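A short write-up of the structure that comes next.
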There are 2 protein chains.
Amino acid sequence: MPNDYSDDRLRLVARLYYVDGLGQNEVAKFAKVSQAKVSRLLALAKERGIVRITVADYEPRRRELEDRLAARFGLHTAVAIKASEGLESADLRRSVGHFGAAPVDALIPPRSVVALAGGRTIHELVHHLPAVRTKSLTVVQAMGSVDSSVNAFDAQEVGRTMAQRLGGSFLALNAPAFIPEKRTRDALLALEQVRGVHEHLGRAGVALVGLGTLSNSVFVERGTIDAAMARELERAGAVGEVCGRFFDARGRECATPWRDRVIGIRLDQLRAIPQVIALVSGSDRTAALLAAISGGLIKSLVIDEPGAAALLAAAPAPKPAPKRPRP
Amino acid sequence: MPNDYSDDRLRLVARLYYVDGLGQNEVAKFAKVSQAKVSRLLALAKERGIVRITVADYEPRRRELEDRLAARFGLHTAVAIKASEGLESADLRRSVGHFGAAPVDALIPPRSVVALAGGRTIHELVHHLPAVRTKSLTVVQAMGSVDSSVNAFDAQEVGRTMAQRLGGSFLALNAPAFIPEKRTRDALLALEQVRGVHEHLGRAGVALVGLGTLSNSVFVERGTIDAAMARELERAGAVGEVCGRFFDARGRECATPWRDRVIGIRLDQLRAIPQVIALVSGSDRTAALLAAISGGLIKSLVIDEPGAAALLAAAPAPKPAPKRPRP
DNA sequence: CGATCGTCTGAATAATCATTCGGCATGTAT
DNA sequence: ATACATGCCGAATGATTATTCAGACGATCG
């Protein structure tokens, strides 16, 4: 009588617990086992489908917004994550990461080479990817590390996590993101280890990137960019940044000394990747987004609802045909 | 935003909890409320049917046994409650009470007058009756109280509970079950209060009774019947007892002094009730059952599986037509 | 035969969840 | 206006559930 995992027994336990509303202790007395076992039997019953819990679908996305975004900007895929008003940026990131994971996952085919940037939103997202280790990806770090104090948001960590969850290997770009001297930077780029990674980046099938702005950038935050450099970039028309590359309103990389001191995927490489997914949370990236889209830097977008709305509001009237229509 | 009980919000919470497997604390952070509120929202979601939990039916009854019982003994309804082997009598009672409640409930029409005995199994059962107070029953105590120390199994208590759960009023039989002197007994019976109850008993539409035996009876257990009386009853052929009335193998009340010292429904009254349900747990009541059935004392039977099997095994071969066939 | 796993168990414990409680806000009658 | 309900909230708390742990049992293999 012990060791009885028959469906009938599971049904009895499940019924007493869920239908009749007994506690596990009462069920335990009924079935002559310990409460611990009841807990396990119930878990098993769920697994076997004897107990099923269905939840009316919560629709985490704003499809209608998405359609307008996709049509307006010629995006391959647009995902707008619902958000109740009055959420702070940390909450937005959480939402975008949580509910964006599934659609992003769907955009990554098995055996892809994935170029991956870091950032808090991306960090949040990869931790919600399903932990099925079946995609055999090659995840490649798309930008050097911002500073030596490793934190959980670095591309390094995030990439490792992604490769681990979806299955596959991770290729680290073992170099700083910013090198004060062009000469040293070039020497690093020439290193076999770094060059190899760069080549993989050129062959990536998918890229997952965040978008920075001049005023809200990891580089400014961490002091990599000082006031002088910031002014210089501003003068050069920088409105956004992706993987360490600053670009102007038309999506062209800004020609400042910064350009030659960065280690990371080049914008021409990025443009060549068939599926570049930008992951954005917050409404303050509108200009950067518009520029990146018009410059062909990104193909798909995952963003929170207010951000999506801001983007649509800021875009020129929808009358003129979108720049890169996709029927 | 507080005070938001929209379905959408409930769906969000329910989804995070049940589908995504977050704890209530995590959901709470997500939704910007306290864990306490999440617990309440989830409860509300179940109530509203946003979350539904379905359990594959557990079949608590042995239909095939029931069919054989009903056919063999001409019972109106037979209910055999499944039981795993090796259960003790307390467990059997619990099972019979728990799963017998629904079929018994189904046998009691609204506005019935119900004659009710006490006993542990019946006690267990009434506590599993649905607490819908909608039947407007008149529950009548069918036998006096066994002793003055009121306990939870007394008809008194049990009847009160039944009336309360199904809805209706309870008529107590405020008298001892056993009176040492016939004279006093008769005086009591003549009391307006007692007589009124007795009249109700005569008009009952349903009776719910347990079955005792000489060796296993509340009266013996509590010392109401002494050794001499027991011998006397035995000599008179007593094989069972219902509501304080001892009967012989043919279901006729034993003519001993005991008969005139008991306060409770008379067997002729019981026979006249259209639906008498016997509630039995355990396999040691077979003889009493056979007698009660053949004497027309009971019409329906709720019993545990081993008890049912014992009954079938003990009954004379099924070849000869049943005594009281019902096509 | 032991030895060595692996699996299963319930007691103890850690983690999680439901409920109580007092405070606060809003509505309502006085 | 002021008292008095009523309802909702989250912190604290009490109750329940999941997990850890050490021991028991049985299968498998040398």
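Note on naming: chains are A, B, ... as they come in the structure tokens, residues start from 1 per chain, ligands start from 1 in the order shown.
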Report as a Markdown table the residues of chain B within 9 Å of chain C, each with its shortest atom pair and distance in Å (one decimal), using only C-alpha atoms (C1' of nucleotides), ordered by chain and increasing residue number.
| residue | atom | partner | partner_atom | distance |
| --- | --- | --- | --- | --- |
| B:Gly23 | CA | C:DT16 | C1' | 7.7 |
| B:Gln24 | CA | C:DC17 | C1' | 7.8 |
| B:Asn25 | CA | C:DT16 | C1' | 8.9 |
| B:Gln35 | CA | C:DC17 | C1' | 8.7 |
| B:Ala36 | CA | C:DA18 | C1' | 7.7 |
| B:Ser39 | CA | C:DA18 | C1' | 7.0 |
| B:Arg40 | CA | C:DA18 | C1' | 8.5 |
Next item on the list: Give me the residues within 10 Å of Gly144 in chain A as JSON, numbers by chain, counting only C-alpha atoms (C1' of nucleotides) and dropping any in the same chain fewer than 2 places off.
Entry: {"A": [117, 118, 141, 142, 146, 147, 154, 155, 156, 172, 173, 174, 175, 176, 177, 178, 179, 194, 243, 244, 262, 263, 264, 265]}
Listing only residues of chain A within 7 Å of chain B, what is the closest atom pair and its distance in Å (to one decimal) for each, using only C-alpha atoms, sorted by chain and residue number ascending, as JSON lines?
{"residue": "A:Asp8", "atom": "CA", "partner": "B:Tyr58", "partner_atom": "CA", "distance": 6.7}
{"residue": "A:Arg11", "atom": "CA", "partner": "B:Tyr58", "partner_atom": "CA", "distance": 5.1}
{"residue": "A:Leu12", "atom": "CA", "partner": "B:Tyr58", "partner_atom": "CA", "distance": 5.5}
{"residue": "A:Ala14", "atom": "CA", "partner": "B:Val55", "partner_atom": "CA", "distance": 6.6}
{"residue": "A:Arg15", "atom": "CA", "partner": "B:Val55", "partner_atom": "CA", "distance": 6.3}
{"residue": "A:Phe30", "atom": "CA", "partner": "B:Asp91", "partner_atom": "CA", "distance": 6.8}
{"residue": "A:Ile50", "atom": "CA", "partner": "B:Ala56", "partner_atom": "CA", "distance": 5.1}
{"residue": "A:Val51", "atom": "CA", "partner": "B:Val55", "partner_atom": "CA", "distance": 4.5}
{"residue": "A:Arg52", "atom": "CA", "partner": "B:Thr54", "partner_atom": "CA", "distance": 5.4}
{"residue": "A:Ile53", "atom": "CA", "partner": "B:Ile53", "partner_atom": "CA", "distance": 4.4}
{"residue": "A:Thr54", "atom": "CA", "partner": "B:Arg52", "partner_atom": "CA", "distance": 5.4}
{"residue": "A:Val55", "atom": "CA", "partner": "B:Val51", "partner_atom": "CA", "distance": 4.5}
{"residue": "A:Ala56", "atom": "CA", "partner": "B:Ile50", "partner_atom": "CA", "distance": 5.1}
{"residue": "A:Asp57", "atom": "CA", "partner": "B:Arg11", "partner_atom": "CA", "distance": 6.6}
{"residue": "A:Tyr58", "atom": "CA", "partner": "B:Arg11", "partner_atom": "CA", "distance": 5.0}
{"residue": "A:Asp91", "atom": "CA", "partner": "B:Phe30", "partner_atom": "CA", "distance": 6.9}
Which residues of chain D have any atom within 8 Å of an atom in chain A when counting only C-alpha atoms (C1' of nucleotides), and what is the closest pair of atoms for each, with the distance in Å to one decimal? Order the rows by chain and rising number and write it as CSV.
residue,atom,partner,partner_atom,distance
D:DT16,C1',A:Gly23,CA,7.7
D:DT17,C1',A:Ser39,CA,7.2
D:DA18,C1',A:Ser39,CA,7.2
Keeping only C-alpha atoms (C1' of nucleotides), write the selected residues as a PDB file, in the first residue's frame.
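Result file follows (part-v4.pdb):
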ATOM      1  C1'  DT D  16      -0.318  25.930   6.172  1.00  0.00           C
ATOM      2  C1'  DT D  17       2.688  24.018   2.771  1.00  0.00           C
ATOM      3  C1'  DA D  18       7.254  22.775   0.630  1.00  0.00           C
TER       4       DA D  18
END
Selection: 12 Å around Arg120 in chain B, only C-alpha atoms (C1' of nucleotides), excl. self and same-chain fewer than 4 positions, as a PDB file with N, CA and C atoms, in the first residue's frame:
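Okay, part25.pdb is ready:
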ATOM      1  N   SER B  89     -11.461   1.202  11.873  1.00  0.00           N
ATOM      2  CA  SER B  89     -12.869   1.572  11.839  1.00  0.00           C
ATOM      3  C   SER B  89     -13.041   3.087  11.834  1.00  0.00           C
ATOM      4  N   ALA B  90     -12.160   3.806  12.520  1.00  0.00           N
ATOM      5  CA  ALA B  90     -12.290   5.259  12.525  1.00  0.00           C
ATOM      6  C   ALA B  90     -12.117   5.813  11.106  1.00  0.00           C
ATOM      7  N   ASP B  91     -11.201   5.242  10.366  1.00  0.00           N
ATOM      8  CA  ASP B  91     -10.970   5.697   8.992  1.00  0.00           C
ATOM      9  C   ASP B  91     -12.161   5.371   8.109  1.00  0.00           C
ATOM     10  N   LEU B  92     -12.702   4.189   8.324  1.00  0.00           N
ATOM     11  CA  LEU B  92     -13.869   3.793   7.551  1.00  0.00           C
ATOM     12  C   LEU B  92     -15.011   4.765   7.795  1.00  0.00           C
ATOM     13  N   ARG B  93     -15.234   5.052   9.058  1.00  0.00           N
ATOM     14  CA  ARG B  93     -16.302   5.992   9.384  1.00  0.00           C
ATOM     15  C   ARG B  93     -16.086   7.311   8.687  1.00  0.00           C
ATOM     16  N   ARG B  94     -14.857   7.754   8.704  1.00  0.00           N
ATOM     17  CA  ARG B  94     -14.566   9.036   8.089  1.00  0.00           C
ATOM     18  C   ARG B  94     -14.904   9.002   6.596  1.00  0.00           C
ATOM     19  N   VAL B  96     -16.919   6.904   5.005  1.00  0.00           N
ATOM     20  CA  VAL B  96     -18.347   6.744   4.762  1.00  0.00           C
ATOM     21  C   VAL B  96     -19.064   8.072   4.999  1.00  0.00           C
ATOM     22  N   GLY B  97     -18.667   8.740   6.068  1.00  0.00           N
ATOM     23  CA  GLY B  97     -19.294  10.025   6.356  1.00  0.00           C
ATOM     24  C   GLY B  97     -19.020  11.032   5.263  1.00  0.00           C
ATOM     25  N   GLU B 124     -20.336  11.889  11.712  1.00  0.00           N
ATOM     26  CA  GLU B 124     -19.346  12.212  10.679  1.00  0.00           C
ATOM     27  C   GLU B 124     -20.050  12.696   9.411  1.00  0.00           C
ATOM     28  N   LEU B 125     -21.115  12.012   9.091  1.00  0.00           N
ATOM     29  CA  LEU B 125     -21.814  12.346   7.848  1.00  0.00           C
ATOM     30  C   LEU B 125     -22.436  13.739   7.870  1.00  0.00           C
ATOM     31  N   VAL B 126     -23.165  14.030   8.924  1.00  0.00           N
ATOM     32  CA  VAL B 126     -23.872  15.318   8.899  1.00  0.00           C
ATOM     33  C   VAL B 126     -22.890  16.476   8.797  1.00  0.00           C
ATOM     34  N   HIS B 127     -21.675  16.260   9.299  1.00  0.00           N
ATOM     35  CA  HIS B 127     -20.715  17.354   9.206  1.00  0.00           C
ATOM     36  C   HIS B 127     -20.162  17.531   7.803  1.00  0.00           C
ATOM     37  N   ASN B 151     -22.442  14.247  24.382  1.00  0.00           N
ATOM     38  CA  ASN B 151     -21.250  14.286  23.547  1.00  0.00           C
ATOM     39  C   ASN B 151     -21.646  14.539  22.104  1.00  0.00           C
ATOM     40  N   ALA B 152     -20.643  14.701  21.272  1.00  0.00           N
ATOM     41  CA  ALA B 152     -20.887  15.175  19.917  1.00  0.00           C
ATOM     42  C   ALA B 152     -21.636  14.163  19.047  1.00  0.00           C
ATOM     43  N   PHE B 153     -21.704  12.918  19.508  1.00  0.00           N
ATOM     44  CA  PHE B 153     -22.346  11.901  18.671  1.00  0.00           C
ATOM     45  C   PHE B 153     -23.834  11.778  18.941  1.00  0.00           C
ATOM     46  N   ASP B 154     -24.277  12.379  20.012  1.00  0.00           N
ATOM     47  CA  ASP B 154     -25.678  12.252  20.372  1.00  0.00           C
ATOM     48  C   ASP B 154     -26.598  12.774  19.287  1.00  0.00           C
ATOM     49  N   ALA B 155     -27.724  12.119  19.207  1.00  0.00           N
ATOM     50  CA  ALA B 155     -28.716  12.535  18.217  1.00  0.00           C
ATOM     51  C   ALA B 155     -29.018  14.021  18.389  1.00  0.00           C
ATOM     52  N   GLU B 157     -27.081  16.541  19.304  1.00  0.00           N
ATOM     53  CA  GLU B 157     -26.097  17.380  18.639  1.00  0.00           C
ATOM     54  C   GLU B 157     -26.150  17.223  17.128  1.00  0.00           C
ATOM     55  N   VAL B 158     -26.197  15.962  16.735  1.00  0.00           N
ATOM     56  CA  VAL B 158     -26.172  15.649  15.313  1.00  0.00           C
ATOM     57  C   VAL B 158     -27.374  16.270  14.605  1.00  0.00           C
ATOM     58  N   VAL B 209     -30.614   6.315  10.052  1.00  0.00           N
ATOM     59  CA  VAL B 209     -30.318   5.566  11.279  1.00  0.00           C
ATOM     60  C   VAL B 209     -29.016   4.794  11.167  1.00  0.00           C
ATOM     61  N   GLY B 210     -28.443   4.514  12.313  1.00  0.00           N
ATOM     62  CA  GLY B 210     -27.320   3.596  12.374  1.00  0.00           C
ATOM     63  C   GLY B 210     -27.836   2.244  12.795  1.00  0.00           C
ATOM     64  N   LEU B 211     -26.974   1.274  12.835  1.00  0.00           N
ATOM     65  CA  LEU B 211     -27.390  -0.058  13.223  1.00  0.00           C
ATOM     66  C   LEU B 211     -26.446  -0.560  14.297  1.00  0.00           C
ATOM     67  N   GLY B 212     -27.003  -1.054  15.401  1.00  0.00           N
ATOM     68  CA  GLY B 212     -26.140  -1.607  16.437  1.00  0.00           C
ATOM     69  C   GLY B 212     -26.270  -3.115  16.503  1.00  0.00           C
ATOM     70  N   SER B 217     -22.612  -2.012  20.791  1.00  0.00           N
ATOM     71  CA  SER B 217     -23.759  -1.126  20.908  1.00  0.00           C
ATOM     72  C   SER B 217     -23.417  -0.011  21.882  1.00  0.00           C
ATOM     73  N   VAL B 218     -23.962   1.160  21.618  1.00  0.00           N
ATOM     74  CA  VAL B 218     -23.729   2.245  22.571  1.00  0.00           C
ATOM     75  C   VAL B 218     -24.217   1.873  23.949  1.00  0.00           C
ATOM     76  N   LEU B 279     -27.007   3.774   7.847  1.00  0.00           N
ATOM     77  CA  LEU B 279     -25.641   4.206   7.626  1.00  0.00           C
ATOM     78  C   LEU B 279     -24.760   3.297   8.453  1.00  0.00           C
ATOM     79  N   VAL B 280     -23.920   2.553   7.792  1.00  0.00           N
ATOM     80  CA  VAL B 280     -23.146   1.544   8.501  1.00  0.00           C
ATOM     81  C   VAL B 280     -21.699   1.603   8.067  1.00  0.00           C
ATOM     82  N   SER B 281     -20.804   1.501   9.032  1.00  0.00           N
ATOM     83  CA  SER B 281     -19.413   1.325   8.630  1.00  0.00           C
ATOM     84  C   SER B 281     -18.831   0.159   9.397  1.00  0.00           C
TER      85      SER B 281
END
Item checked: Residue set, range 149-313 of chain A restricted to helix (DSSP H, G or I), as an MDAnalysis selection string -> chainID A and resid 155:166 182:190 192:202 218:221 227:235 257:261 267:272 286:294 305:313
Check: So which bits of range 19-81 of chain A end up strand (DSSP E) when you DSSP the backbone, as a PyMOL selection string?
Finding: chain A and resi 51-55+77-81
Please produce a file of the residues just selected, as a compact mmCIF listing (two decimals), in the first residue's frame, where the atoms kept are N, CA and C atoms.
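As a result, part.txt now contains:
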# COMPACT_ATOMS: atom_id res chain seq x y z
N VAL A 51 -4.80 17.18 -11.83
CA VAL A 51 -5.27 18.49 -11.42
C VAL A 51 -4.82 19.47 -12.48
N ARG A 52 -5.77 20.22 -13.00
CA ARG A 52 -5.27 21.27 -13.87
C ARG A 52 -5.83 22.62 -13.48
N ILE A 53 -4.95 23.58 -13.53
CA ILE A 53 -5.32 24.92 -13.12
C ILE A 53 -5.27 25.80 -14.35
N THR A 54 -6.39 26.35 -14.69
CA THR A 54 -6.40 27.22 -15.85
C THR A 54 -6.69 28.64 -15.41
N VAL A 55 -5.99 29.54 -16.02
CA VAL A 55 -6.14 30.94 -15.68
C VAL A 55 -6.59 31.66 -16.94
N THR A 77 8.94 42.93 -36.25
CA THR A 77 8.06 42.59 -35.15
C THR A 77 8.08 43.72 -34.13
N ALA A 78 6.93 44.12 -33.69
CA ALA A 78 6.86 45.11 -32.62
C ALA A 78 6.12 44.48 -31.46
N VAL A 79 6.65 44.64 -30.27
CA VAL A 79 6.00 44.12 -29.08
C VAL A 79 5.84 45.26 -28.08
N ALA A 80 4.61 45.54 -27.72
CA ALA A 80 4.36 46.59 -26.73
C ALA A 80 3.79 45.95 -25.48
N ILE A 81 4.52 46.07 -24.38
CA ILE A 81 4.12 45.42 -23.13
C ILE A 81 3.22 46.36 -22.32
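We find CA of Pro110 in chain B and CA of Pro274 in chain B to be spaced 14.8 Å apart.
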Next item on the list: Would you list the contacts of Val276 in chain B as a PyMOL selection string, taking every protein, DNA or RNA residue within 10 Å and counting only C-alpha atoms (C1' of nucleotides), but skipping same-chain residues closer than 2 positions in sequence?
Entry: chain B and resi 76+107+114-116+204-209+270-274+278-279+296-301
Residue subset to file, keeping C-alpha atoms, as a short mmCIF file (atom, residue, chain, number, x, y, z; two decimals), in the first residue's frame:
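Wrote part_13.cif, looks like this:
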data_model
loop_
_atom_site.label_atom_id
_atom_site.label_comp_id
_atom_site.auth_asym_id
_atom_site.auth_seq_id
_atom_site.Cartn_x
_atom_site.Cartn_y
_atom_site.Cartn_z
CA HIS B 76 -34.12 1.54 -2.94
CA LEU B 107 -32.21 11.24 -0.86
CA VAL B 114 -36.40 13.59 8.90
CA ALA B 115 -36.13 11.14 11.74
CA LEU B 116 -32.56 11.09 12.88
CA ALA B 204 -41.44 11.34 8.87
CA GLY B 205 -40.63 11.03 5.21
CA VAL B 206 -37.04 10.05 5.72
CA ALA B 207 -35.13 8.36 8.49
CA LEU B 208 -31.41 8.22 8.85
CA VAL B 209 -30.32 5.57 11.28
CA LEU B 270 -39.96 3.08 11.21
CA ARG B 271 -41.40 0.55 8.75
CA ALA B 272 -43.97 3.10 7.73
CA ILE B 273 -41.39 5.66 6.72
CA PRO B 274 -40.96 5.59 2.97
CA ALA B 278 -29.13 2.90 7.23
CA LEU B 279 -25.64 4.21 7.63
CA GLY B 296 -38.43 -4.20 6.13
CA LEU B 297 -36.86 -1.88 8.66
CA ILE B 298 -34.62 -0.12 6.18
CA LYS B 299 -35.04 0.85 2.56
CA SER B 300 -31.62 2.15 1.62
CA LEU B 301 -28.10 1.49 2.72
#
